Every structure is written in C-alpha cells, then in structure tokens.
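Novice: One file: query_34.txt (compact mmCIF, C-alpha atoms).
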```
# COMPACT_ATOMS: atom_id res chain seq x y z
CA MET A 1 -140.00 146.35 110.92
CA HIS A 2 -141.03 144.10 108.02
CA LYS A 3 -140.82 140.92 110.09
CA LYS A 4 -142.56 137.97 108.48
CA ALA A 5 -145.71 137.09 110.42
CA ASN A 6 -148.00 135.68 107.78
CA GLY A 7 -148.62 132.64 105.57
CA ILE A 8 -150.30 129.70 107.27
CA VAL A 9 -150.46 130.80 110.91
CA PRO A 10 -151.79 128.11 113.26
CA VAL A 11 -153.56 129.42 116.34
CA MET A 12 -151.81 127.15 118.78
CA LEU A 13 -153.45 124.87 121.31
CA THR A 14 -152.16 124.52 124.87
CA PRO A 15 -151.91 120.85 125.87
CA PHE A 16 -152.75 120.18 129.50
CA THR A 17 -152.26 117.13 131.69
CA GLU A 18 -155.29 115.57 133.35
CA ASP A 19 -154.33 117.36 136.58
CA ASP A 20 -154.46 120.75 134.79
CA ARG A 21 -150.77 121.51 134.28
CA ILE A 22 -149.32 122.54 130.93
CA ASP A 23 -147.97 119.47 129.15
CA TRP A 24 -144.60 120.74 127.94
CA ASP A 25 -143.62 117.49 126.23
CA GLY A 26 -146.95 117.56 124.40
CA LEU A 27 -146.32 121.18 123.41
CA GLU A 28 -142.98 120.23 121.89
CA ARG A 29 -144.61 117.47 119.83
CA LEU A 30 -147.36 119.88 118.79
CA VAL A 31 -144.80 122.42 117.55
CA GLU A 32 -143.12 119.67 115.53
CA TRP A 33 -146.49 118.72 114.05
CA TYR A 34 -147.10 122.33 112.94
CA VAL A 35 -143.61 122.55 111.44
CA ASP A 36 -144.07 119.25 109.59
CA ASN A 37 -147.52 120.20 108.31
CA GLY A 38 -147.06 123.43 106.42
CA ALA A 39 -147.05 126.19 109.05
CA ASP A 40 -145.23 129.41 108.14
CA THR A 41 -145.66 131.26 111.46
CA LEU A 42 -146.77 130.07 114.90
CA PHE A 43 -149.33 132.12 116.84
CA ALA A 44 -148.82 131.17 120.48
CA VAL A 45 -150.79 132.40 123.49
CA CYS A 46 -153.97 133.28 121.62
CA GLN A 47 -157.64 132.46 122.23
CA SER A 48 -157.18 128.89 120.93
CA SER A 49 -154.39 128.60 123.52
CA GLU A 50 -157.01 129.37 126.20
CA MET A 51 -155.02 132.48 127.11
CA GLN A 52 -157.88 133.93 129.16
CA ARG A 53 -157.51 130.94 131.53
CA LEU A 54 -153.70 131.09 131.84
CA THR A 55 -151.79 132.96 134.53
CA LEU A 56 -149.27 135.57 133.42
CA ASP A 57 -146.43 133.22 134.36
CA GLU A 58 -148.02 130.45 132.27
CA ARG A 59 -148.51 132.78 129.31
CA THR A 60 -144.93 133.99 129.29
CA GLU A 61 -143.49 130.50 129.79
CA LEU A 62 -145.71 129.19 126.98
CA ALA A 63 -144.30 131.84 124.65
CA ARG A 64 -140.70 131.19 125.73
CA ARG A 65 -140.94 127.46 125.24
CA THR A 66 -142.67 127.80 121.88
CA VAL A 67 -139.79 130.01 120.73
CA ALA A 68 -137.30 127.43 122.02
CA PHE A 69 -139.10 124.50 120.38
CA ALA A 70 -139.43 126.35 117.07
CA ALA A 71 -135.66 126.91 117.25
CA GLY A 72 -135.60 129.56 114.55
CA ARG A 73 -137.33 127.40 111.94
CA LEU A 74 -140.49 129.52 112.03
CA PRO A 75 -141.30 132.96 113.42
CA VAL A 76 -143.31 132.90 116.64
CA ILE A 77 -145.86 135.60 117.42
CA ALA A 78 -147.82 135.72 120.67
CA SER A 79 -150.51 137.72 122.41
CA GLY A 80 -151.50 137.00 125.99
CA HIS A 81 -153.16 140.43 126.00
CA ILE A 82 -156.18 139.73 128.21
CA SER A 83 -156.40 142.66 130.67
CA ASP A 84 -158.38 145.89 130.58
CA ALA A 85 -156.79 147.88 133.42
CA PRO A 86 -153.79 149.89 132.17
CA ASP A 87 -151.44 148.77 134.95
CA ASP A 88 -152.26 145.11 134.25
CA GLN A 89 -151.85 145.59 130.52
CA ARG A 90 -148.47 147.24 130.99
CA GLU A 91 -147.27 144.33 133.14
CA GLU A 92 -148.46 141.59 130.79
CA LEU A 93 -147.31 143.25 127.57
CA ARG A 94 -143.85 144.05 128.92
CA ALA A 95 -143.52 140.50 130.24
CA MET A 96 -144.53 139.02 126.88
CA ALA A 97 -142.18 141.37 125.04
CA GLY A 98 -139.28 139.79 126.92
CA THR A 99 -139.96 136.20 125.85
CA GLY A 100 -138.01 136.23 122.58
CA ILE A 101 -141.06 136.26 120.29
CA ASP A 102 -140.78 137.76 116.81
CA ALA A 103 -143.90 139.94 117.15
CA LEU A 104 -146.28 140.83 119.98
CA VAL A 105 -149.97 140.79 119.08
CA LEU A 106 -152.31 143.35 120.67
CA VAL A 107 -155.99 142.49 121.09
CA THR A 108 -158.28 145.19 119.73
CA ASN A 109 -161.02 144.82 122.36
CA HIS A 110 -158.54 145.52 125.18
CA LEU A 111 -157.40 148.73 123.49
CA ASP A 112 -160.99 149.99 123.74
CA PRO A 113 -162.55 147.86 126.52
CA ALA A 114 -165.59 150.10 127.05
CA GLN A 115 -166.35 150.19 123.30
CA ALA A 116 -166.11 153.97 123.43
CA GLY A 117 -164.85 154.44 119.88
CA THR A 118 -161.84 155.65 117.96
CA GLU A 119 -160.50 158.17 120.46
CA ALA A 120 -160.48 155.56 123.20
CA PHE A 121 -158.81 153.10 120.83
CA ARG A 122 -156.17 155.70 119.94
CA ALA A 123 -155.47 156.35 123.63
CA GLY A 124 -155.17 152.64 124.38
CA LEU A 125 -152.89 152.15 121.40
CA ASP A 126 -150.67 155.10 122.32
CA ALA A 127 -150.32 153.76 125.86
CA ALA A 128 -149.37 150.27 124.63
CA LEU A 129 -146.82 151.64 122.17
CA GLY A 130 -145.26 153.67 124.97
CA TRP A 131 -144.79 150.60 127.15
CA LEU A 132 -143.07 148.47 124.52
CA PRO A 133 -139.62 148.50 122.90
CA GLY A 134 -139.67 150.62 119.77
CA ASP A 135 -137.97 147.92 117.69
CA LEU A 136 -140.42 145.14 118.59
CA PRO A 137 -142.75 144.31 115.66
CA LEU A 138 -146.42 144.26 116.60
CA GLY A 139 -149.60 142.62 115.38
CA LEU A 140 -153.31 143.13 115.94
CA TYR A 141 -155.97 140.53 116.64
CA GLU A 142 -159.72 141.13 116.47
CA CYS A 143 -160.24 138.45 119.11
CA PRO A 144 -163.93 137.47 119.52
CA ALA A 145 -163.70 137.26 123.32
CA PRO A 146 -164.97 138.96 125.39
CA PHE A 147 -166.41 140.76 122.35
CA ARG A 148 -165.38 141.21 118.73
CA ARG A 149 -164.01 144.71 118.26
CA LEU A 150 -163.35 145.31 114.56
CA LEU A 151 -161.06 148.08 113.38
CA SER A 152 -162.59 150.99 111.52
CA ASP A 153 -160.84 152.06 108.33
CA ASP A 154 -159.39 155.09 110.14
CA GLU A 155 -158.08 152.86 112.95
CA PHE A 156 -156.55 150.48 110.41
CA LYS A 157 -154.77 153.42 108.75
CA LEU A 158 -153.62 154.71 112.14
CA CYS A 159 -151.94 151.39 112.88
CA ARG A 160 -150.53 151.11 109.37
CA ASP A 161 -149.05 154.60 109.48
CA SER A 162 -147.39 154.01 112.86
CA GLY A 163 -144.89 151.73 111.13
CA ARG A 164 -145.05 149.34 114.09
CA PHE A 165 -147.47 146.70 112.81
CA VAL A 166 -146.61 143.72 110.64
CA THR A 167 -149.82 141.69 110.75
CA LEU A 168 -153.55 141.81 111.41
CA LYS A 169 -155.49 138.66 112.19
CA ASP A 170 -158.69 139.75 110.44
CA VAL A 171 -161.85 138.41 112.11
CA SER A 172 -164.32 140.48 110.09
CA CYS A 173 -165.45 137.28 108.30
CA ASP A 174 -166.45 139.59 105.44
CA LEU A 175 -164.74 139.42 102.06
CA GLY A 176 -165.50 143.04 101.24
CA THR A 177 -163.83 144.20 104.44
CA VAL A 178 -160.80 141.98 103.78
CA ARG A 179 -160.45 143.39 100.26
CA ARG A 180 -160.73 146.96 101.50
CA ARG A 181 -158.09 146.41 104.16
CA ILE A 182 -155.73 144.76 101.68
CA ALA A 183 -156.05 147.80 99.43
CA MET A 184 -155.36 150.13 102.37
CA SER A 185 -152.33 148.07 103.39
CA GLY A 186 -150.67 148.49 100.01
CA ASP A 187 -146.90 148.03 100.26
CA SER A 188 -146.74 149.11 103.91
CA GLY A 189 -145.71 145.67 105.21
CA PHE A 190 -148.87 145.49 107.35
CA SER A 191 -150.17 142.06 106.32
CA VAL A 192 -153.86 141.21 106.39
CA VAL A 193 -154.36 137.54 107.29
CA ASN A 194 -157.93 136.26 107.16
CA ALA A 195 -159.17 133.88 109.86
CA ASN A 196 -162.51 132.75 108.39
CA ALA A 197 -162.62 129.39 106.60
CA ALA A 198 -165.74 130.16 104.57
CA ILE A 199 -163.95 132.94 102.68
CA ALA A 200 -160.41 131.56 102.95
CA ALA A 201 -159.77 130.90 99.27
CA ASP A 202 -161.46 134.06 98.01
CA ALA A 203 -159.54 136.10 100.58
CA MET A 204 -156.26 134.53 99.44
CA ARG A 205 -157.07 135.42 95.84
CA ALA A 206 -157.87 138.96 96.95
CA GLY A 207 -154.43 139.29 98.57
CA SER A 208 -154.82 138.01 102.12
CA LEU A 209 -151.33 136.84 102.98
CA GLY A 210 -152.27 133.42 104.28
CA PHE A 211 -154.78 131.97 106.72
CA SER A 212 -155.07 131.86 110.52
CA GLY A 213 -158.31 130.05 111.29
CA VAL A 214 -158.90 127.41 113.94
CA PHE A 215 -158.75 124.47 111.53
CA THR A 216 -155.04 125.08 111.14
CA ASN A 217 -155.10 122.71 114.13
CA PHE A 218 -156.44 119.91 111.91
CA HIS A 219 -154.95 120.28 108.43
CA PRO A 220 -152.63 123.28 108.04
CA ASP A 221 -150.94 121.52 105.11
CA LEU A 222 -154.17 121.58 103.10
CA TYR A 223 -154.49 125.33 103.66
CA ALA A 224 -150.82 125.69 102.71
CA TRP A 225 -151.42 123.88 99.39
CA LEU A 226 -154.50 126.00 98.74
CA TYR A 227 -152.52 129.18 99.45
CA ARG A 228 -149.82 128.16 96.95
CA ASN A 229 -152.41 127.08 94.38
CA LYS A 230 -155.21 129.57 95.01
CA ASP A 231 -155.42 130.53 91.32
CA LEU A 232 -155.09 127.01 89.93
CA ASP A 233 -157.92 126.14 87.55
CA SER A 234 -158.54 122.59 88.71
CA ASP A 235 -161.31 120.41 90.09
CA LEU A 236 -159.00 119.44 92.97
CA ARG A 237 -158.62 123.04 94.10
CA ARG A 238 -162.36 123.70 93.91
CA ARG A 239 -163.27 120.53 95.84
CA LEU A 240 -160.64 121.27 98.47
CA GLU A 241 -162.06 124.75 99.04
CA THR A 242 -165.48 123.22 99.70
CA PHE A 243 -164.10 120.52 102.02
CA LEU A 244 -162.15 123.02 104.11
CA ALA A 245 -165.13 125.35 104.48
CA LEU A 246 -167.48 122.51 105.49
CA ALA A 247 -165.00 120.85 107.87
CA ALA A 248 -164.57 124.14 109.73
CA MET A 249 -168.29 124.19 110.51
CA ALA A 250 -167.46 121.71 113.31
CA GLU A 251 -165.83 124.52 115.31
CA PRO A 252 -168.90 125.17 117.55
CA MET A 253 -168.80 121.52 118.71
CA GLY A 254 -166.53 122.07 121.69
CA TYR A 255 -163.49 123.77 120.20
CA PRO A 256 -160.68 123.93 121.32
CA GLY A 257 -161.45 120.66 123.09
CA LEU A 258 -162.50 119.22 119.74
CA ALA A 259 -159.05 119.90 118.28
CA LYS A 260 -157.49 118.35 121.36
CA LEU A 261 -159.55 115.19 120.82
CA PHE A 262 -158.17 115.10 117.29
CA HIS A 263 -154.59 115.36 118.55
CA VAL A 264 -155.09 112.79 121.29
CA ARG A 265 -156.35 110.38 118.62
CA ARG A 266 -153.21 110.93 116.55
CA GLY A 267 -150.87 110.79 119.57
CA THR A 268 -149.58 114.37 119.67
CA PHE A 269 -150.38 114.57 123.37
CA ALA A 270 -152.12 112.40 125.93
CA SER A 271 -155.04 114.44 127.28
CA ALA A 272 -157.85 116.48 125.76
CA HIS A 273 -158.25 118.38 129.03
CA SER A 274 -159.31 122.00 128.53
CA ARG A 275 -159.86 124.88 130.93
CA VAL A 276 -162.41 126.39 128.57
CA ILE A 277 -164.50 123.31 127.70
CA ASP A 278 -165.82 121.89 130.96
CA PHE A 279 -168.19 119.30 129.49
CA ASP A 280 -167.95 115.93 127.77
CA ILE A 281 -167.94 116.83 124.08
CA PRO A 282 -169.31 113.53 122.68
CA LYS A 283 -172.14 113.54 125.23
CA ARG A 284 -173.19 117.06 124.32
CA PHE A 285 -172.66 116.78 120.57
CA TRP A 286 -173.97 113.41 119.44
CA GLY A 287 -172.10 111.99 116.50
CA VAL A 288 -169.13 114.34 116.86
CA MET A 289 -166.63 111.47 116.92
CA ALA A 290 -168.04 110.15 113.66
CA LEU A 291 -167.70 113.66 112.27
CA LEU A 292 -164.04 113.68 113.32
CA ASP A 293 -163.67 110.38 111.47
CA HIS A 294 -165.01 112.00 108.30
CA ILE A 295 -162.71 115.02 108.70
CA GLU A 296 -159.69 112.76 109.18
CA THR A 297 -160.66 110.54 106.24
CA GLY A 298 -161.25 113.54 104.00
CA THR A 299 -157.97 115.11 105.06
CA GLU A 300 -155.99 111.98 104.25
CA ALA A 301 -157.78 111.56 100.92
CA PHE A 302 -156.93 115.11 99.88
CA ARG A 303 -153.33 114.66 101.02
CA ALA A 304 -153.01 111.62 98.79
CA GLU A 305 -154.65 113.37 95.86
CA ILE A 306 -152.43 116.44 96.28
CA ALA A 307 -149.29 114.27 96.46
CA ALA A 308 -150.32 112.52 93.24
CA ALA A 309 -151.13 115.81 91.49
CA ASP A 310 -147.89 117.44 92.62
CA GLY A 311 -145.92 114.36 91.55
CA ALA A 312 -147.52 114.37 88.12
CA SER A 313 -146.82 118.08 87.74
CA ALA A 314 -143.17 117.59 88.66
CA THR A 315 -142.69 115.03 85.87
CA THR A 316 -144.23 117.14 83.11
```
Rewrite the structure from the file as structure tokens, please.
Specialist:
Amino acid sequence: MHKKANGIVPVMLTPFTEDDRIDWDGLERLVEWYVDNGADTLFAVCQSSEMQRLTLDERTELARRTVAFAAGRLPVIASGHISDAPDDQREELRAMAGTGIDALVLVTNHLDPAQAGTEAFRAGLDAALGWLPGDLPLGLYECPAPFRRLLSDDEFKLCRDSGRFVTLKDVSCDLGTVRRRIAMSGDSGFSVVNANAAIAADAMRAGSLGFSGVFTNFHPDLYAWLYRNKDLDSDLRRRLETFLALAAMAEPMGYPGLAKLFHVRRGTFASAHSRVIDFDIPKRFWGVMALLDHIETGTEAFRAEIAAADGASATT
C-alpha cells in the first residue's frame, strides 16, 4: 500500500475550449508540461481542475486520459469526490476507482458534510472504505470548498492506522499542525504534503514530503529545486523561498483562470475559459497582466540562476 503519491504534486487544471468542452489536446500538452517541469505525481480531478463543475462522465474521462497521457512516467492520483449523499458518493467513488489511477483521494468535507464531528467522519470513512477495492491506495484532501474541514489528530491517526492511506494534501496552512502530523505519520507510509506556499520551505524542512499548492501550475520546477535543496545554506535558496511565497499571493486574482491565462500565453492550450471564473480577470483585477509578466520574468531569472549554480556545482 506504500504507493508513491508525493513530491511535487501539481493540482491539475482542466483546459476547456471556448464552447465549454474539455480540450483533450490541450490536456495532453499540459501533462507534458508538468512532466518536463519537475512534477513527481499528478493530482487530476481536484478543485483546481474545477471538479465541482464537471459531470461524473467528465471527471472519470479526465482521470482516464490523464493516466493515458502520463503513460506510466508519473503516478496519477485523482479525486472527483464532490457529493454528500451516500448513494451519489458510492457511484462517483466506484467510477473513479475504475479509471486506472494510482490512488483515489477522498475529500474530508464530504466524509462529514454536516460538520457533525469525529463520529460522523468515522461513519463516512467506513462507508467509503466499504465501497472501494481493498487494494486501491487512498489519499485525503482537506479541500477548501464548500468548506475547509481539517482532520483532528484522532482522525489523522484513524486514517493512518487503517493502512489504506498513502497521502494527505494538508490545507491547514499552519506549520505547527504540519509538524505534528508528520510526527504522527512516522514510518507508516502516510505522507503529509503541504499545500501552502507561505510555509512551503519550512514544511519541507520539517518533513513534508513535497508540495501541492496551486502555483505548481506556474513553476513546479522551482518548487522541485527547493525541495531537493531545502537545507542548502545559500542566498539563492533564501531568495527563491521569498519569491515563491510572494508570487503565490496572486492566487485570489481569478485562479484557476489566472493560471489558464499563463498557459495560454505560453501556448500550452488555446483558451483560458473557466467554468468557475465567470468574469474578465484583467477588468476586475487591474494590473494583473503586468503581475503575470513579473512572475514569468522572475521564474525565468531563477531558472537561469539555478542552472548556473547546478552547473558550477557539477564541475567542483
């Protein structure tokens, strides 16, 4: 059950055409971009994928095609867990389990949709485990929508001790919580992967096994270098930490549409159409395109600096 589902884990976008269909050619190019830019695991059919606005058929096909495009080069995990009613959850989870993914990610707020507490969470978890193949690795995701439902320590231990879970996308955004969960995880194989850019480097140094924040859609390779060099005593590492934290502050400016604008500019796919963002991003957020320019310029500058530093290190 110790399936790898950690490292740099991009929360994948779903490219759409202007007439609101999934752009499968664009998805294939996007997968190649993740592979070429330092991803270790692909997280398909998540909130960044606009999963709440996808039909069940779209969610399962998105997972299947991501697995096909990854072609065994990277593990693919997926969620698509958006329902509260037990019958609907059973249908969607069983459908997703049959798509060939390496791990199925359960959303914590749908295991306790009424926010009733640990006993309700336990009941929801037991039901989900009963619906799914016993040999299918699972993950957990503290998805912020429709509300952020963090695991208690007892709930974390419950999932750890089940032997079914290989990863948690931690959305606590709190370094103390991340450290405590890492300590509880021990050598169980239940990886804690932080999703908050502000604490990314400190969480890595504390033992978070990678990063799965939204700016993996802009510069996953920079996070990958930071992960490999988290303990390096260098000015480059310290400046990169600051750049990544500040760049991620652009998230409220129309994400995931903002990330789609970035990929349209670089030619990954043709349209920035989003089912979640129904407004013109530059009109609402003045100066956002100039901000994207700065993020792109900073990203390229750090890539060049890292290449030079790595080259110098290789020759010494």
Novice: Could you tell me how far CA of Met204 in chain A sits from CA of Arg179 in chain A, in Å to one decimal place?
Specialist: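 If I compute the distance from CA of Arg179 in chain A to CA of Met204 in chain A, I get 9.8 Å.
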Novice: Of the candidates A:Ile82, A:Ile8, A:Glu61, A:Ala259, which shows the shortest atom-to-atom distance to Asp23 in chain A, using only C-alpha atoms?
Specialist: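 Among the listed residues, the smallest separation from Asp23 in chain A belongs to A:Glu61.
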Novice: Name all residues at most 10 Å from Asp135 in chain A (count all atoms listed in the file; drop same-chain ones fewer than 2 positions away) and give them as an MDAnalysis selection string.
Specialist: chainID A and resid 1 103 132:133 137:138 164
Novice: Please report as JSON lines every residue of range 124-152 of chain A lying within 12 Å of range 40-53 of chain A, along with the nearest atom pair and their distance in Å (one decimal), using all atoms listed in the file.
Specialist:
```
{"residue": "A:Gly139", "atom": "CA", "partner": "A:Phe43", "partner_atom": "CA", "distance": 10.6}
{"residue": "A:Leu140", "atom": "CA", "partner": "A:Cys46", "partner_atom": "CA", "distance": 11.4}
{"residue": "A:Tyr141", "atom": "CA", "partner": "A:Cys46", "partner_atom": "CA", "distance": 9.0}
{"residue": "A:Glu142", "atom": "CA", "partner": "A:Gln47", "partner_atom": "CA", "distance": 10.6}
{"residue": "A:Cys143", "atom": "CA", "partner": "A:Gln47", "partner_atom": "CA", "distance": 7.2}
{"residue": "A:Pro144", "atom": "CA", "partner": "A:Gln47", "partner_atom": "CA", "distance": 8.5}
{"residue": "A:Ala145", "atom": "CA", "partner": "A:Gln47", "partner_atom": "CA", "distance": 7.8}
{"residue": "A:Pro146", "atom": "CA", "partner": "A:Gln52", "partner_atom": "CA", "distance": 9.5}
```
Novice: Using only C-alpha atoms, find the one residue out of A:Ala201, A:Val192, A:Met12, A:Leu226 that sits nearest to Thr66 in chain A.
Specialist: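 When distances to Thr66 in chain A are compared using only C-alpha atoms, the smallest one comes from A:Met12.
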Novice: Which polymer residues have any atom within 8 Å of an atom of Arg181 in chain A, counting only C-alpha atoms, with same-chain residues fewer than 4 positions away left out, as a PDB file with C-alpha atoms, in the frame of the given file?
Specialist:
```pdb
ATOM      1  CA  ASP A 153    -160.840 152.060 108.330  1.00  0.00           C
ATOM      2  CA  PHE A 156    -156.550 150.480 110.410  1.00  0.00           C
ATOM      3  CA  THR A 177    -163.830 144.200 104.440  1.00  0.00           C
ATOM      4  CA  SER A 185    -152.330 148.070 103.390  1.00  0.00           C
ATOM      5  CA  VAL A 192    -153.860 141.210 106.390  1.00  0.00           C
TER       6      VAL A 192
END
```
Novice: Please provide the set of residues having any atom within 12 Å of Val31 in chain A, restricted to all atoms listed in the file, with same-chain residues fewer than 2 positions apart removed, written as an NGL selection string.
Specialist: :A and (10-15 or 24-29 or 33-44 or 62-63 or 65-71 or 73-76 or 217 or 268-269)
Novice: Quick one, how far is CA of Val214 in chain A from CA of Glu241 in chain A?
Specialist: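 These two atoms are separated by 15.5 Å.
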Novice: Please check which residues have atoms at most 10 Å from (-150.9, 143.6, 105.6) in the file's coordinates, counting only C-alpha atoms, and write them as a list of chain:residue names.
Specialist: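 Protein, DNA and RNA residues close to (-150.9, 143.6, 105.6): A:Ala5, A:Asn6, A:Gly139, A:Arg160, A:Phe165, A:Val166, A:Thr167, A:Leu168, A:Lys169, A:Asp170, A:Arg181, A:Ile182, A:Ala183, A:Met184, A:Ser185, A:Gly186, A:Asp187, A:Ser188, A:Gly189, A:Phe190, A:Ser191, A:Val192, A:Val193, A:Gly207, A:Ser208, A:Leu209.
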Novice: Please dump the current selection as a short mmCIF file (atom, residue, chain, number, x, y, z; two decimals), in the frame of the given file; keep C-alpha atoms.
Specialist:
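As written to disk, again.cif reads:
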```cif
data_model
loop_
_atom_site.label_atom_id
_atom_site.label_comp_id
_atom_site.auth_asym_id
_atom_site.auth_seq_id
_atom_site.Cartn_x
_atom_site.Cartn_y
_atom_site.Cartn_z
CA ALA A 5 -145.71 137.09 110.42
CA ASN A 6 -148.00 135.68 107.78
CA GLY A 139 -149.60 142.62 115.38
CA ARG A 160 -150.53 151.11 109.37
CA PHE A 165 -147.47 146.70 112.81
CA VAL A 166 -146.61 143.72 110.64
CA THR A 167 -149.82 141.69 110.75
CA LEU A 168 -153.55 141.81 111.41
CA LYS A 169 -155.49 138.66 112.19
CA ASP A 170 -158.69 139.75 110.44
CA ARG A 181 -158.09 146.41 104.16
CA ILE A 182 -155.73 144.76 101.68
CA ALA A 183 -156.05 147.80 99.43
CA MET A 184 -155.36 150.13 102.37
CA SER A 185 -152.33 148.07 103.39
CA GLY A 186 -150.67 148.49 100.01
CA ASP A 187 -146.90 148.03 100.26
CA SER A 188 -146.74 149.11 103.91
CA GLY A 189 -145.71 145.67 105.21
CA PHE A 190 -148.87 145.49 107.35
CA SER A 191 -150.17 142.06 106.32
CA VAL A 192 -153.86 141.21 106.39
CA VAL A 193 -154.36 137.54 107.29
CA GLY A 207 -154.43 139.29 98.57
CA SER A 208 -154.82 138.01 102.12
CA LEU A 209 -151.33 136.84 102.98
#
```
Novice: Identify, on the basis of all atoms listed in the file, every residue whose closest approach to Leu292 in chain A does not exceed 10 Å; exclude the query and any residue fewer than 4 positions from it along the same chain; express the result as a list in words.
Specialist: Phe218, Ala247, Ala250, Leu258, Ala259, Leu261, Phe262, Arg265, Gly287, Val288, Glu296, Thr297 and Gly298 of chain A
Novice: Can you pull out the residues contacting Asp310 in chain A? Cut-off 12 Å, using only C-alpha atoms, and skip same-chain residues under 6 positions away; I want them as JSON, numbers by chain.
Specialist: {"A": [225, 228, 229, 236, 302, 303, 304, 316]}
Novice: Which residue gives the smallest distance to Arg122 in chain A among A:Thr99, A:Ser152, A:Thr60, A:Thr315, with all atoms listed in the file counted?
Specialist: A:Ser152
Novice: Interatomic distance between CA of Arg94 in chain A and CA of Phe121 in chain A?
Specialist: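 Here the two named atoms are 19.3 Å from each other.
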Novice: With distances taken over all atoms listed in the file, which residue among A:Ala301, A:Ile22, A:Leu125, A:Val264 lies nearest Leu222 in chain A?
Specialist: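 Looking at the shortest contact to Leu222 in chain A, the residue is A:Ala301.
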Novice: Which residue is closest to Thr55 in chain A? Choose from A:Met253, A:Leu30, A:Cys159, A:Ala95 and count only C-alpha atoms.
Specialist: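 Nearest candidate to Thr55 in chain A out of A:Met253, A:Leu30, A:Cys159, A:Ala95: A:Ala95.
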Novice: Compare A:Glu119, A:Asp126, A:Glu58, A:Glu18 by their minimum atom-to-atom distance to Pro86 in chain A, counting only C-alpha atoms, and give me the closest one.
Specialist: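 Closest to Pro86 in chain A, using only C-alpha atoms: A:Asp126.
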